[in-house]
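Participant: For reference, the structure I am asking about is given below.
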Amino acid sequence: MITRLLLVQSTLHTRQLLWEWALTPLSAQAEQVVSELTANAVAAARTMPGIPPVRLWLLTDKTQVLMLVWDASPQLPVLAEAHEYAESGRGLFLVAMFSDRWGCYPTPQTGGKVVWALCGMNSPASHDSR
């Protein structure tokens, strides 16, 4: 229940910021990316003692949006091919499909990692979502 609420809040926050930034054509793809990155971060955080927080940042230059999600797990994500009938494992595949670029990096100062994705107004994915 908490995970579902967190995902809804993160996607609504994304939608609101993109509206404020006049980037509504990116809403569908950015919301999908934020949802997947947040779900993965929550799952990773649950493996840690005490279930530390998950953090979301959204940044823009008015033509693209950069989404960053931090969690305390040091385990970097790996893009893997999910089997046809698998119930999970497609999150990063969807991030790769809906974003122009994505990646991750460890955060040794705070522990954990950041997974990020970039969606732009001039990308093929933004034209597909209109």
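To be explicit about the labels: the chains of the structure tokens are called A, B, and onward in the order shown, and within each one the residues are counted from 1, while ligands get numbers from 1 in the order they are shown.
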Could you list, as a compact mmCIF listing (two decimals) with N, CA and C atoms, in the first residue's frame, every residue within 12 Å of A:Met48, counting only C-alpha atoms and ignoring same-chain residues fewer than 2 positions away?
Facilitator:
```txt
# COMPACT_ATOMS: atom_id res chain seq x y z
N ALA A 41 13.89 1.76 -6.76
CA ALA A 41 14.57 2.30 -5.59
C ALA A 41 13.91 1.82 -4.30
N VAL A 42 12.59 1.77 -4.27
CA VAL A 42 11.88 1.27 -3.10
C VAL A 42 12.23 -0.20 -2.86
N ALA A 43 12.25 -0.99 -3.92
CA ALA A 43 12.61 -2.41 -3.78
C ALA A 43 14.04 -2.55 -3.27
N ALA A 44 14.96 -1.73 -3.76
CA ALA A 44 16.34 -1.79 -3.30
C ALA A 44 16.45 -1.34 -1.85
N ALA A 45 15.71 -0.29 -1.49
CA ALA A 45 15.76 0.21 -0.10
C ALA A 45 15.25 -0.82 0.89
N ARG A 46 14.31 -1.62 0.46
CA ARG A 46 13.74 -2.64 1.36
C ARG A 46 14.75 -3.73 1.71
N GLY A 50 16.51 -1.14 8.31
CA GLY A 50 15.80 0.06 8.69
C GLY A 50 15.02 0.74 7.58
N ILE A 51 15.07 0.21 6.39
CA ILE A 51 14.40 0.78 5.21
C ILE A 51 14.64 2.29 5.11
N PRO A 52 15.80 2.69 4.62
CA PRO A 52 16.12 4.12 4.48
C PRO A 52 15.23 4.79 3.42
N PRO A 53 15.25 6.11 3.36
CA PRO A 53 14.39 6.83 2.41
C PRO A 53 14.85 6.65 0.97
N VAL A 54 13.96 7.05 0.08
CA VAL A 54 14.24 7.14 -1.35
C VAL A 54 14.09 8.61 -1.70
N ASP A 71 18.77 5.74 -3.70
CA ASP A 71 18.42 4.81 -2.62
C ASP A 71 19.71 4.36 -1.95
N ALA A 72 19.60 3.80 -0.76
CA ALA A 72 20.77 3.48 0.07
C ALA A 72 21.47 2.18 -0.32
N SER A 73 20.89 1.40 -1.21
CA SER A 73 21.53 0.15 -1.60
C SER A 73 22.72 0.42 -2.52
N PRO A 74 23.87 -0.16 -2.24
CA PRO A 74 25.03 0.05 -3.11
C PRO A 74 24.97 -0.79 -4.40
N GLN A 75 24.03 -1.71 -4.47
CA GLN A 75 23.91 -2.61 -5.64
C GLN A 75 23.45 -1.81 -6.86
N GLY A 111 26.51 6.78 0.73
CA GLY A 111 26.15 5.39 0.54
C GLY A 111 25.09 5.29 -0.54
N GLY A 112 24.93 4.12 -1.05
CA GLY A 112 23.89 3.90 -2.05
C GLY A 112 24.29 4.32 -3.45
```
Participant: Could you pull out all residues of stretch 87-126 of chain A with a DSSP call of strand (DSSP E) and give them as a list in words?
Facilitator: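 Across stretch 87-126 of chain A, those assigned strand (DSSP E) are Arg101, Trp102, Gly103, Cys104, Tyr105, Pro106, Lys113, Val114, Val115, Trp116, Ala117, Leu118, Cys119 and Gly120 of chain A.
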Participant: Any chance you can output those residues with N, CA, C and O atoms as a compact mmCIF listing (two decimals), in the first residue's frame?
Facilitator:
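Full text of selection.txt as output:
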```txt
# COMPACT_ATOMS: atom_id res chain seq x y z
N ARG A 101 18.45 8.70 -22.56
CA ARG A 101 19.63 8.05 -21.96
C ARG A 101 19.29 7.77 -20.51
O ARG A 101 18.46 8.44 -19.90
N TRP A 102 20.00 6.81 -19.94
CA TRP A 102 19.87 6.54 -18.51
C TRP A 102 21.19 5.98 -18.04
O TRP A 102 22.03 5.54 -18.83
N GLY A 103 21.40 6.01 -16.75
CA GLY A 103 22.62 5.46 -16.18
C GLY A 103 22.52 5.46 -14.66
O GLY A 103 21.47 5.75 -14.09
N CYS A 104 23.64 5.15 -14.04
CA CYS A 104 23.67 5.13 -12.58
C CYS A 104 25.10 5.40 -12.12
O CYS A 104 26.04 5.25 -12.90
N TYR A 105 25.21 5.80 -10.88
CA TYR A 105 26.53 5.99 -10.29
C TYR A 105 26.44 5.80 -8.79
O TYR A 105 25.41 6.10 -8.18
N PRO A 106 27.50 5.27 -8.19
CA PRO A 106 27.50 5.11 -6.72
C PRO A 106 27.67 6.48 -6.05
O PRO A 106 28.22 7.41 -6.64
N LYS A 113 23.28 4.71 -4.21
CA LYS A 113 23.49 5.02 -5.62
C LYS A 113 22.40 5.96 -6.11
O LYS A 113 21.36 6.12 -5.48
N VAL A 114 22.66 6.56 -7.26
CA VAL A 114 21.66 7.34 -7.99
C VAL A 114 21.47 6.66 -9.34
O VAL A 114 22.43 6.31 -10.01
N VAL A 115 20.21 6.48 -9.71
CA VAL A 115 19.87 6.03 -11.06
C VAL A 115 19.16 7.22 -11.71
O VAL A 115 18.28 7.83 -11.11
N TRP A 116 19.58 7.54 -12.94
CA TRP A 116 19.06 8.73 -13.60
C TRP A 116 18.58 8.41 -15.00
O TRP A 116 18.98 7.40 -15.59
N ALA A 117 17.72 9.27 -15.51
CA ALA A 117 17.26 9.15 -16.90
C ALA A 117 16.97 10.55 -17.43
O ALA A 117 16.58 11.44 -16.68
N LEU A 118 17.16 10.71 -18.72
CA LEU A 118 16.97 11.99 -19.38
C LEU A 118 15.94 11.84 -20.49
O LEU A 118 16.05 10.93 -21.33
N CYS A 119 14.93 12.71 -20.49
CA CYS A 119 13.92 12.75 -21.55
C CYS A 119 13.90 14.14 -22.14
O CYS A 119 13.86 15.13 -21.40
N GLY A 120 13.93 14.22 -23.47
CA GLY A 120 13.96 15.52 -24.13
C GLY A 120 12.83 15.73 -25.10
O GLY A 120 12.24 14.78 -25.62
```
Participant: Can you tell me, as JSON, numbers by chain, what residues are no more than 12 Å from A:Thr11 when counting only C-alpha atoms, ignoring any on the same chain fewer than 3 positions away?
Facilitator: {"A": [4, 5, 6, 7, 8, 14, 15, 16, 17, 18, 27, 28, 29, 30, 31, 32, 33, 34, 35, 36, 37, 38, 39, 56, 58, 67]}
Participant: Distance atom CA of A:Leu23-atom CA of A:Lys62, one decimal place?
Facilitator: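 A separation of 7.2 Å between them.
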Participant: Of the residues A:Trp70, A:Thr3, A:Leu79, A:Met97, which is the one nearest to A:Thr110, using only C-alpha atoms?
Facilitator: A:Trp70
